[in-house]
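Structure data follow from upload-v2.cif (mmCIF, C-alpha atoms and all ligand atoms):
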```cif
data_start
#
loop_
_atom_site.group_PDB
_atom_site.id
_atom_site.type_symbol
_atom_site.label_atom_id
_atom_site.label_comp_id
_atom_site.auth_asym_id
_atom_site.auth_seq_id
_atom_site.Cartn_x
_atom_site.Cartn_y
_atom_site.Cartn_z
ATOM 1 C CA MET A 1 -1.097 -10.886 -16.114
ATOM 2 C CA ALA A 2 1.092 -9.822 -13.264
ATOM 3 C CA LEU A 3 2.146 -11.655 -10.139
ATOM 4 C CA VAL A 4 0.324 -9.971 -7.267
ATOM 5 C CA ILE A 5 2.755 -9.624 -4.365
ATOM 6 C CA ASP A 6 0.485 -10.401 -1.415
ATOM 7 C CA GLY A 7 1.966 -8.292 1.384
ATOM 8 C CA LYS A 8 -0.809 -9.266 3.755
ATOM 9 C CA ALA A 9 0.016 -12.977 3.409
ATOM 10 C CA ILE A 10 3.802 -12.505 3.466
ATOM 11 C CA ALA A 11 3.514 -10.265 6.553
ATOM 12 C CA ALA A 12 1.435 -12.961 8.293
ATOM 13 C CA GLU A 13 4.202 -15.459 7.497
ATOM 14 C CA VAL A 14 6.881 -13.121 8.915
ATOM 15 C CA ARG A 15 4.803 -12.455 12.045
ATOM 16 C CA ASN A 16 4.350 -16.190 12.550
ATOM 17 C CA GLU A 17 8.121 -16.730 12.398
ATOM 18 C CA ILE A 18 8.578 -14.007 15.028
ATOM 19 C CA LYS A 19 5.805 -15.498 17.171
ATOM 20 C CA ILE A 20 7.638 -18.844 17.208
ATOM 21 C CA LYS A 21 10.923 -17.158 18.192
ATOM 22 C CA VAL A 22 9.190 -15.246 20.992
ATOM 23 C CA SER A 23 7.565 -18.406 22.370
ATOM 24 C CA GLU A 24 10.939 -20.204 22.193
ATOM 25 C CA ARG A 25 12.396 -17.388 24.304
ATOM 26 C CA ILE A 26 9.681 -17.821 26.906
ATOM 27 C CA ALA A 27 10.147 -21.631 26.910
ATOM 28 C CA ALA A 28 13.871 -21.046 27.530
ATOM 29 C CA GLY A 29 13.037 -18.850 30.541
ATOM 30 C CA LYS A 30 13.978 -15.619 28.784
ATOM 31 C CA ARG A 31 12.115 -12.297 28.955
ATOM 32 C CA THR A 32 9.625 -11.285 26.224
ATOM 33 C CA PRO A 33 10.554 -8.284 24.061
ATOM 34 C CA GLY A 34 8.939 -4.956 25.005
ATOM 35 C CA LEU A 35 7.890 -2.086 22.719
ATOM 36 C CA ALA A 36 6.974 1.428 23.895
ATOM 37 C CA ILE A 37 4.953 3.689 21.601
ATOM 38 C CA LEU A 38 4.310 7.426 22.012
ATOM 39 C CA LEU A 39 1.433 9.027 20.127
ATOM 40 C CA VAL A 40 1.056 12.807 20.341
ATOM 41 C CA GLY A 41 -2.181 14.335 19.028
ATOM 42 C CA ASP A 42 -5.290 12.803 17.502
ATOM 43 C CA ASP A 43 -4.532 12.330 13.802
ATOM 44 C CA PRO A 44 -6.900 9.503 12.750
ATOM 45 C CA ALA A 45 -4.359 7.751 10.487
ATOM 46 C CA SER A 46 -1.722 7.815 13.253
ATOM 47 C CA GLN A 47 -4.241 6.452 15.768
ATOM 48 C CA SER A 48 -5.070 3.598 13.415
ATOM 49 C CA TYR A 49 -1.379 2.798 12.784
ATOM 50 C CA VAL A 50 -0.616 2.778 16.522
ATOM 51 C CA GLY A 51 -3.645 0.570 17.161
ATOM 52 C CA GLY A 52 -2.405 -1.905 14.548
ATOM 53 C CA LYS A 53 1.060 -1.980 16.119
ATOM 54 C CA GLY A 54 -0.327 -2.655 19.599
ATOM 55 C CA LYS A 55 -2.564 -5.421 18.279
ATOM 56 C CA ALA A 56 0.346 -7.078 16.454
ATOM 57 C CA CYS A 57 2.421 -7.009 19.662
ATOM 58 C CA ALA A 58 -0.396 -8.668 21.617
ATOM 59 C CA GLU A 59 -0.823 -11.427 19.018
ATOM 60 C CA LEU A 60 2.891 -12.252 19.104
ATOM 61 C CA GLY A 61 3.267 -12.191 22.874
ATOM 62 C CA VAL A 62 5.369 -9.020 22.731
ATOM 63 C CA TYR A 63 4.861 -6.661 25.671
ATOM 64 C CA SER A 64 3.754 -3.185 24.627
ATOM 65 C CA VAL A 65 2.962 0.125 26.264
ATOM 66 C CA ILE A 66 1.220 2.925 24.388
ATOM 67 C CA GLU A 67 1.360 6.461 25.808
ATOM 68 C CA ARG A 68 -1.144 8.911 24.296
ATOM 69 C CA ARG A 69 -0.653 12.643 24.795
ATOM 70 C CA PRO A 70 -2.676 15.654 23.545
ATOM 71 C CA GLU A 71 -1.661 17.800 20.557
ATOM 72 C CA ASN A 72 -0.418 20.625 22.857
ATOM 73 C CA THR A 73 2.171 18.415 24.624
ATOM 74 C CA SER A 74 5.535 20.194 24.967
ATOM 75 C CA GLU A 75 8.750 18.997 23.368
ATOM 76 C CA GLU A 76 10.241 18.828 26.872
ATOM 77 C CA GLU A 77 7.512 16.372 27.971
ATOM 78 C CA VAL A 78 8.128 14.166 24.902
ATOM 79 C CA LEU A 79 11.884 14.131 25.577
ATOM 80 C CA SER A 80 11.280 13.240 29.210
ATOM 81 C CA ILE A 81 9.038 10.264 28.304
ATOM 82 C CA ILE A 82 11.685 8.962 25.893
ATOM 83 C CA ASN A 83 14.425 9.490 28.436
ATOM 84 C CA GLU A 84 12.537 7.346 30.928
ATOM 85 C CA TRP A 85 12.019 4.574 28.360
ATOM 86 C CA ASN A 86 15.721 4.764 27.451
ATOM 87 C CA ARG A 87 16.484 3.772 31.059
ATOM 88 C CA THR A 88 13.779 1.052 31.406
ATOM 89 C CA PRO A 89 15.279 -2.456 30.934
ATOM 90 C CA GLU A 90 11.912 -4.061 30.003
ATOM 91 C CA ILE A 91 11.600 -1.698 27.021
ATOM 92 C CA ASP A 92 13.617 -2.964 24.029
ATOM 93 C CA GLY A 93 12.091 -0.729 21.388
ATOM 94 C CA ILE A 94 10.998 2.919 21.449
ATOM 95 C CA LEU A 95 8.737 4.295 18.739
ATOM 96 C CA VAL A 96 7.485 7.854 18.418
ATOM 97 C CA GLN A 97 4.610 7.911 15.960
ATOM 98 C CA LEU A 98 5.244 10.442 13.189
ATOM 99 C CA PRO A 99 4.320 13.068 12.189
ATOM 100 C CA LEU A 100 4.681 15.015 15.443
ATOM 101 C CA PRO A 101 2.869 18.347 15.999
ATOM 102 C CA LYS A 102 4.652 21.259 14.294
ATOM 103 C CA HIS A 103 5.899 22.820 17.540
ATOM 104 C CA ILE A 104 8.000 19.698 18.269
ATOM 105 C CA ASP A 105 11.366 19.219 16.530
ATOM 106 C CA GLU A 106 11.203 15.702 15.049
ATOM 107 C CA ASN A 107 14.947 15.442 14.521
ATOM 108 C CA LYS A 108 15.626 16.408 18.134
ATOM 109 C CA VAL A 109 13.166 13.751 19.350
ATOM 110 C CA ILE A 110 14.674 11.055 17.101
ATOM 111 C CA LEU A 111 18.176 11.948 18.354
ATOM 112 C CA SER A 112 17.025 11.483 21.954
ATOM 113 C CA ILE A 113 16.062 7.821 21.412
ATOM 114 C CA SER A 114 18.774 5.423 22.558
ATOM 115 C CA PRO A 115 20.330 3.980 19.351
ATOM 116 C CA ASP A 116 20.090 0.559 21.080
ATOM 117 C CA LYS A 117 16.252 0.877 21.141
ATOM 118 C CA ASP A 118 15.756 2.620 17.800
ATOM 119 C CA VAL A 119 13.335 0.059 16.296
ATOM 120 C CA ASP A 120 12.057 2.584 13.716
ATOM 121 C CA GLY A 121 15.632 2.927 12.451
ATOM 122 C CA PHE A 122 15.366 6.722 12.147
ATOM 123 C CA HIS A 123 18.317 7.628 14.414
ATOM 124 C CA PRO A 124 21.343 8.941 12.463
ATOM 125 C CA GLN A 125 23.393 6.068 13.941
ATOM 126 C CA SER A 126 20.995 3.522 12.404
ATOM 127 C CA PHE A 127 21.041 5.335 9.068
ATOM 128 C CA GLY A 128 24.830 5.533 9.111
ATOM 129 C CA ARG A 129 25.089 1.801 9.777
ATOM 130 C CA LEU A 130 22.669 1.092 6.937
ATOM 131 C CA VAL A 131 24.693 3.187 4.477
ATOM 132 C CA ILE A 132 28.003 1.627 5.551
ATOM 133 C CA GLY A 133 26.399 -1.837 5.415
ATOM 134 C CA ILE A 134 26.947 -3.027 8.979
ATOM 135 C CA PRO A 135 24.241 -4.567 11.224
ATOM 136 C CA GLY A 136 21.729 -2.175 12.775
ATOM 137 C CA PHE A 137 18.073 -1.223 12.797
ATOM 138 C CA VAL A 138 16.677 -0.862 9.269
ATOM 139 C CA PRO A 139 13.590 1.382 8.945
ATOM 140 C CA CYS A 140 10.481 -0.812 8.832
ATOM 141 C CA THR A 141 9.031 0.099 5.439
ATOM 142 C CA PRO A 142 12.333 -0.274 3.535
ATOM 143 C CA ALA A 143 13.060 -3.532 5.429
ATOM 144 C CA GLY A 144 9.580 -4.733 4.447
ATOM 145 C CA ILE A 145 10.166 -3.902 0.788
ATOM 146 C CA VAL A 146 13.402 -5.940 0.715
ATOM 147 C CA GLU A 147 11.601 -8.823 2.437
ATOM 148 C CA LEU A 148 8.771 -8.695 -0.144
ATOM 149 C CA LEU A 149 11.231 -8.729 -3.052
ATOM 150 C CA VAL A 150 13.363 -11.545 -1.618
ATOM 151 C CA ARG A 151 10.412 -13.745 -0.606
ATOM 152 C CA SER A 152 8.795 -13.190 -4.024
ATOM 153 C CA GLN A 153 12.093 -14.268 -5.621
ATOM 154 C CA ILE A 154 12.469 -11.036 -7.583
ATOM 155 C CA PRO A 155 16.140 -10.948 -8.684
ATOM 156 C CA LEU A 156 17.988 -7.797 -7.573
ATOM 157 C CA LYS A 157 21.613 -8.353 -8.658
ATOM 158 C CA GLY A 158 22.456 -5.945 -11.467
ATOM 159 C CA LYS A 159 18.832 -4.852 -11.885
ATOM 160 C CA HIS A 160 17.922 -1.207 -12.293
ATOM 161 C CA VAL A 161 15.871 -0.038 -9.321
ATOM 162 C CA VAL A 162 14.285 3.387 -9.665
ATOM 163 C CA VAL A 163 13.154 4.974 -6.401
ATOM 164 C CA LEU A 164 10.578 7.727 -6.743
ATOM 165 C CA GLY A 165 10.831 9.862 -3.606
ATOM 166 C CA ARG A 166 13.620 10.951 -1.247
ATOM 167 C CA SER A 167 12.084 10.940 2.240
ATOM 168 C CA ASN A 168 14.146 9.947 5.274
ATOM 169 C CA ILE A 169 11.568 7.232 6.022
ATOM 170 C CA VAL A 170 11.378 5.472 2.645
ATOM 171 C CA GLY A 171 13.261 6.924 -0.351
ATOM 172 C CA LYS A 172 16.698 7.519 1.180
ATOM 173 C CA PRO A 173 16.941 4.250 3.150
ATOM 174 C CA ILE A 174 15.521 1.922 0.452
ATOM 175 C CA ALA A 175 17.862 3.378 -2.177
ATOM 176 C CA ASN A 176 20.842 2.905 0.133
ATOM 177 C CA LEU A 177 19.799 -0.654 1.033
ATOM 178 C CA LEU A 178 19.383 -1.873 -2.512
ATOM 179 C CA TYR A 179 22.776 -0.862 -3.932
ATOM 180 C CA GLN A 180 24.678 -2.588 -1.087
ATOM 181 C CA LYS A 181 27.015 -5.416 -2.040
ATOM 182 C CA ASN A 182 25.144 -8.326 -0.468
ATOM 183 C CA PRO A 183 22.917 -11.155 -1.757
ATOM 184 C CA ARG A 184 19.723 -9.329 -0.705
ATOM 185 C CA ALA A 185 20.618 -6.263 -2.799
ATOM 186 C CA ASN A 186 23.383 -5.519 -5.337
ATOM 187 C CA ALA A 187 21.058 -3.530 -7.619
ATOM 188 C CA VAL A 188 21.877 -0.378 -9.598
ATOM 189 C CA VAL A 189 19.819 2.386 -8.039
ATOM 190 C CA THR A 190 18.493 5.672 -9.366
ATOM 191 C CA ILE A 191 16.763 8.166 -7.084
ATOM 192 C CA CYS A 192 14.232 10.399 -8.781
ATOM 193 C CA HIS A 193 12.342 13.256 -7.095
ATOM 194 C CA THR A 194 10.121 16.276 -7.634
ATOM 195 C CA ALA A 195 12.889 18.411 -9.153
ATOM 196 C CA ALA A 196 13.098 16.100 -12.181
ATOM 197 C CA PRO A 197 11.554 17.931 -15.182
ATOM 198 C CA ASP A 198 10.012 14.611 -16.269
ATOM 199 C CA PHE A 199 10.050 11.603 -13.922
ATOM 200 C CA ARG A 200 9.054 9.296 -16.817
ATOM 201 C CA VAL A 201 12.579 9.549 -18.242
ATOM 202 C CA TYR A 202 13.664 7.546 -15.183
ATOM 203 C CA THR A 203 10.670 5.374 -14.348
ATOM 204 C CA ARG A 204 10.530 3.977 -17.907
ATOM 205 C CA GLN A 205 14.030 2.525 -17.391
ATOM 206 C CA ALA A 206 13.169 0.692 -14.166
ATOM 207 C CA ASP A 207 13.353 -3.081 -13.819
ATOM 208 C CA ILE A 208 11.989 -2.466 -10.331
ATOM 209 C CA LEU A 209 10.070 0.709 -9.558
ATOM 210 C CA ILE A 210 9.600 1.799 -5.956
ATOM 211 C CA ALA A 211 6.908 4.461 -5.903
ATOM 212 C CA ALA A 212 7.094 6.578 -2.745
ATOM 213 C CA ALA A 213 6.098 9.976 -4.094
ATOM 214 C CA GLY A 214 2.922 10.512 -2.087
ATOM 215 C CA VAL A 215 0.915 11.447 -5.173
ATOM 216 C CA PRO A 216 -2.276 9.416 -5.760
ATOM 217 C CA LEU A 217 -2.268 7.297 -8.952
ATOM 218 C CA LEU A 218 0.800 9.126 -10.331
ATOM 219 C CA ILE A 219 2.246 6.131 -12.227
ATOM 220 C CA LYS A 220 0.335 4.934 -15.320
ATOM 221 C CA ALA A 221 1.058 2.190 -17.870
ATOM 222 C CA ASP A 222 2.952 4.632 -20.136
ATOM 223 C CA ASP A 223 5.395 5.444 -17.332
ATOM 224 C CA VAL A 224 6.817 1.915 -16.999
ATOM 225 C CA LYS A 225 8.393 -0.690 -19.256
ATOM 226 C CA GLU A 226 7.009 -4.139 -20.010
ATOM 227 C CA GLY A 227 7.955 -6.683 -17.328
ATOM 228 C CA VAL A 228 8.542 -4.164 -14.528
ATOM 229 C CA THR A 229 8.171 -5.082 -10.867
ATOM 230 C CA VAL A 230 6.256 -2.330 -9.086
ATOM 231 C CA ILE A 231 6.399 -1.704 -5.335
ATOM 232 C CA ASP A 232 3.728 0.836 -4.414
ATOM 233 C CA VAL A 233 4.506 2.546 -1.105
ATOM 234 C CA GLY A 234 1.783 5.185 -1.479
ATOM 235 C CA ILE A 235 -1.100 5.461 0.982
ATOM 236 C CA ASN A 236 -3.333 8.263 -0.287
ATOM 237 C CA ARG A 237 -6.874 9.142 0.735
ATOM 238 C CA VAL A 238 -9.081 10.105 -2.193
ATOM 239 C CA ASP A 239 -12.783 11.003 -2.166
ATOM 240 C CA ASP A 240 -15.109 8.150 -3.083
ATOM 241 C CA PRO A 241 -18.820 8.888 -2.595
ATOM 242 C CA SER A 242 -19.635 5.183 -3.165
ATOM 243 C CA ALA A 243 -17.485 4.122 -0.174
ATOM 244 C CA SER A 244 -19.090 3.951 3.264
ATOM 245 C CA LYS A 245 -16.487 6.321 4.764
ATOM 246 C CA GLY A 246 -16.704 8.697 1.788
ATOM 247 C CA TYR A 247 -13.084 8.011 0.819
ATOM 248 C CA LYS A 248 -10.844 5.185 -0.318
ATOM 249 C CA ILE A 249 -7.113 4.484 -0.064
ATOM 250 C CA VAL A 250 -5.105 4.395 -3.283
ATOM 251 C CA GLY A 251 -1.392 4.051 -3.952
ATOM 252 C CA ASP A 252 0.993 6.166 -6.014
ATOM 253 C CA VAL A 253 0.438 3.665 -8.840
ATOM 254 C CA ASP A 254 -2.646 3.337 -11.036
ATOM 255 C CA TYR A 255 -2.865 -0.410 -10.383
ATOM 256 C CA GLU A 256 -5.468 -1.238 -13.066
ATOM 257 C CA SER A 257 -3.470 0.590 -15.714
ATOM 258 C CA VAL A 258 -0.024 -0.791 -14.801
ATOM 259 C CA PHE A 259 -1.056 -4.380 -13.942
ATOM 260 C CA PRO A 260 -1.162 -5.740 -17.547
ATOM 261 C CA LYS A 261 2.362 -4.462 -18.229
ATOM 262 C CA ALA A 262 3.959 -5.621 -14.965
ATOM 263 C CA TYR A 263 5.799 -8.829 -14.101
ATOM 264 C CA ALA A 264 4.844 -8.292 -10.439
ATOM 265 C CA ILE A 265 3.011 -5.594 -8.489
ATOM 266 C CA THR A 266 1.994 -4.829 -4.904
ATOM 267 C CA PRO A 267 -1.610 -3.850 -4.186
ATOM 268 C CA VAL A 268 -2.736 -0.960 -1.954
ATOM 269 C CA PRO A 269 -3.945 -1.750 0.628
ATOM 270 C CA GLY A 270 -2.410 -5.130 1.473
ATOM 271 C CA GLY A 271 1.030 -4.652 -0.096
ATOM 272 C CA VAL A 272 3.846 -2.816 1.644
ATOM 273 C CA GLY A 273 1.739 -1.569 4.614
ATOM 274 C CA PRO A 274 1.347 -4.874 6.465
ATOM 275 C CA MET A 275 5.081 -5.572 6.023
ATOM 276 C CA THR A 276 5.912 -2.326 7.832
ATOM 277 C CA ILE A 277 4.230 -3.639 10.982
ATOM 278 C CA ALA A 278 5.823 -7.102 10.671
ATOM 279 C CA MET A 279 9.302 -5.571 10.389
ATOM 280 C CA LEU A 280 8.675 -3.374 13.442
ATOM 281 C CA LEU A 281 8.133 -6.539 15.470
ATOM 282 C CA ASN A 282 11.206 -8.076 13.854
ATOM 283 C CA ASN A 283 13.272 -5.045 14.918
ATOM 284 C CA THR A 284 11.925 -5.320 18.476
ATOM 285 C CA LEU A 285 12.999 -8.968 18.628
ATOM 286 C CA LYS A 286 16.374 -8.014 17.108
ATOM 287 C CA SER A 287 16.776 -5.375 19.833
ATOM 288 C CA ILE A 288 16.353 -7.788 22.743
ATOM 289 C CA GLU A 289 18.640 -10.327 21.051
ATOM 290 C CA MET A 290 21.310 -7.644 20.546
ATOM 291 C CA SER A 291 21.043 -6.509 24.169
ATOM 292 C CA GLU A 292 21.767 -10.090 25.284
ATOM 293 C CA ASN A 293 24.845 -10.427 23.057
ATOM 294 C CA GLN A 294 26.650 -7.344 24.376
HETATM 295 C C1 LIG A 301 -2.352 -2.037 4.442
HETATM 296 C C2 LIG A 301 2.650 5.458 7.705
HETATM 297 C C3 LIG A 301 2.744 7.416 6.323
HETATM 298 C C4 LIG A 301 3.089 8.200 7.416
HETATM 299 C C5 LIG A 301 3.228 7.617 8.656
HETATM 300 C C6 LIG A 301 -1.322 -2.002 6.707
HETATM 301 C C7 LIG A 301 -0.338 -0.001 7.597
HETATM 302 C C8 LIG A 301 -0.721 0.681 6.458
HETATM 303 C C9 LIG A 301 -1.380 0.017 5.429
HETATM 304 C C10 LIG A 301 0.374 0.692 8.698
HETATM 305 C C11 LIG A 301 2.413 4.039 7.924
HETATM 306 C C12 LIG A 301 2.006 3.147 6.801
HETATM 307 C C13 LIG A 301 2.505 3.536 9.218
HETATM 308 C C14 LIG A 301 -1.683 -1.320 5.564
HETATM 309 C C15 LIG A 301 2.193 2.108 9.547
HETATM 310 C C16 LIG A 301 2.087 1.695 7.176
HETATM 311 O O1 LIG A 301 -3.048 -3.051 4.685
HETATM 312 O O2 LIG A 301 -2.169 -1.651 3.284
HETATM 313 C C17 LIG A 301 -0.641 -1.350 7.721
HETATM 314 O O3 LIG A 301 -0.049 0.587 9.825
HETATM 315 N N1 LIG A 301 1.509 1.453 8.474
HETATM 316 C C18 LIG A 301 2.892 4.402 10.265
HETATM 317 O O4 LIG A 301 3.002 4.005 11.419
HETATM 318 O O5 LIG A 301 3.142 5.692 10.021
HETATM 319 C C19 LIG A 301 3.014 6.256 8.802
HETATM 320 C C20 LIG A 301 2.525 6.056 6.462
#
```
I need this file expressed as structure tokens, please.
Amino acid sequence: MALVIDGKAIAAEVRNEIKIKVSERIAAGKRTPGLAILLVGDDPASQSYVGGKGKACAELGVYSVIERRPENTSEEEVLSIINEWNRTPEIDGILVQLPLPKHIDENKVILSISPDKDVDGFHPQSFGRLVIGIPGFVPCTPAGIVELLVRSQIPLKGKHVVVLGRSNIVGKPIANLLYQKNPRANAVVTICHTAAPDFRVYTRQADILIAAAGVPLLIKADDVKEGVTVIDVGINRVDDPSASKGYKIVGDVDYESVFPKAYAITPVPGGVGPMTIAMLLNNTLKSIEMSENQ
């Protein structure tokens, strides 16, 4: 019987804390934080994510602007939109929904975002700060994972965290966060990726397994040790004729199989995903607070 880490409930708690801080700002005569979002193309998942972000802003009293552009938008146009937002004082956070169309250089776009408004935490300056361990914008999904672990009172000090996956968005930042020498980390971290001849050699040693491989139901009971805490970052669409949409969302972890062996586990959906949105709003609030303390 595992502890189910209820990301939906914990995210609601985090959002409520932010909502209170935003209303306190307004009561003190201060400006509300502002978030600008750029969505290029019509990928259904991206549209849904952007919709969720806009809705969360509205519920918390955070100002938001969403610019939607067609798939064939030029890189120059994207850079010009960002450049304008960089210079707009009411905009505290700039988010470009990824992935971008193939003809646009993602790294170039990320570099063009002012590091002071980098609420996704993807700018090299934010990543450098994270690695060094000084304050800055932490990418939302990794920040959400730390928040889930801390609020669920999962000990991290000296524990062996195994990260499956090495993306710039999840694997690299979460690994670098969790080995830092601070009370919200201090773990021993192993990064495991597709070049490993057998990932089980690593995952079986994990006290805490962070599955961010992007492979549906990859992790089974045999791949983990008794008492493991499992954070499932996967969001995979698989065919399901019995579902109304013809598909369902599953994680990288075979939840039913791993559950009996786990100390704690996040579900998909309703685990890490909702925390990603909550931490985006937290970063937007952090941005306006930082701009006032210059
Ligand atoms: C849930 C994302 C891959 C690539 C680009 C709630 C989200 C997801 C799931 C969400 C994600 C994933 C986002 C749930 C934002 C997380 O209830 O389980 C919320 O909106 N996410 C994104 O913006 O870009 C992505 C995953």
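Residue selection for this entry, given the PyMOL selection byres (((chain A and resi 173-181) around 7) and not hetatm), comprises A:Leu130, A:Val131, A:Gly133, A:Pro142, A:Val163, A:Asn168, A:Ile169, A:Val170, A:Gly171, A:Lys172, A:Asn182, A:Ala185, A:Asn186, A:Ala187, A:Val188, A:Val189, A:Ile191.
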- Task: Given the file shown, determine the residues that the PyMOL selection byres (((chain A and resi 117-124) around 8) and not hetatm) selects; report them as a count of residues only.
- Result: 27
Can you tell me which residues sit at most 6 Å away from ligand LIG 301 (chain A), counting all atoms listed in the file, written as a PDB file with C-alpha atoms, keeping the file's coordinate frame?
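What landed in result-v3.pdb:
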```pdb
ATOM      1  CA  TYR A  49      -1.379   2.798  12.784  1.00  0.00           C
ATOM      2  CA  GLY A  52      -2.405  -1.905  14.548  1.00  0.00           C
ATOM      3  CA  LEU A  98       5.244  10.442  13.189  1.00  0.00           C
ATOM      4  CA  VAL A 268      -2.736  -0.960  -1.954  1.00  0.00           C
ATOM      5  CA  PRO A 269      -3.945  -1.750   0.628  1.00  0.00           C
ATOM      6  CA  GLY A 270      -2.410  -5.130   1.473  1.00  0.00           C
ATOM      7  CA  GLY A 271       1.030  -4.652  -0.096  1.00  0.00           C
ATOM      8  CA  GLY A 273       1.739  -1.569   4.614  1.00  0.00           C
ATOM      9  CA  PRO A 274       1.347  -4.874   6.465  1.00  0.00           C
ATOM     10  CA  THR A 276       5.912  -2.326   7.832  1.00  0.00           C
TER      11      THR A 276
END
```
- Translate the PyMOL selection byres (((chain A and resi 219-229) around 9) and not hetatm), as applied to the file shown, into an explicit residue set as an MDAnalysis selection string. chainID A and resid 2:3 154 199:211 215:218 230:231 252:266
- Note on the structure: Counting only C-alpha atoms, the residue among A:Leu60, A:Val233, A:Ala143, A:Ala36 that lies closest to A:Glu17 is A:Leu60
- Task: Identify which of the residues A:Ile104, A:Ser112, A:Val50, A:Glu90 lies closest to A:Asn72, counting only C-alpha atoms when measuring atom-to-atom distances.
- Result: A:Ile104
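For the pair atom CA of A:Asp239 and atom CA of A:Gly251, the interatomic distance is 13.5 Å.
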- Around the point (2.8, -5.0, -1.7), in the coordinates given by the file, pick out the residues reaching within 6 Å, counting only C-alpha atoms, and return them as a list in words. Ile5, Asp6, Gly7, Thr266, Pro267, Gly271 and Val272 of chain A
- d(atom CA of A:Asn293, atom CA of A:Ile18) in Å: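 Here the two named atoms are 18.5 Å from each other.
Compared by their closest atoms to A:Pro44, and using all atoms listed in the file, the residues A:Val250, A:Leu149, A:Cys192, A:Pro99 rank with A:Pro99 nearest.
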- Item | Coordinates-based distance that separates atom CA of A:Glu75 from atom CA of A:Asp105 (Å, one decimal) |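 Atom-to-atom, atom CA of A:Asp105 to atom CA of A:Glu75, that is 7.3 Å.
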- Query: Of the residues A:Gln47, A:Ser23, A:Gly165, A:Val40, which is the one nearest to A:Glu106, using only C-alpha atoms?
  - Reply: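 Counting only C-alpha atoms, the residue closest to A:Glu106 is A:Val40.
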- Given the choices A:Gln294, A:Gln97, A:Ser242, A:Thr32, which gets closest to A:Ser48 if the distance is worked out from only C-alpha atoms?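 So, comparing all the options, the nearest one is A:Gln97.
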What are the centre and the three edge lengths of an axis-aligned box that wraps all atoms of stretch 225-244 of chain A in the file, given that 4 Å is added to every side, written as AutoDock Vina command-line options and rounded to one decimal in Å?
```
--center_x -5.5 --center_y 2.2 --center_z -8.4 --size_x 36.2 --size_y 25.7 --size_z 31.3
```
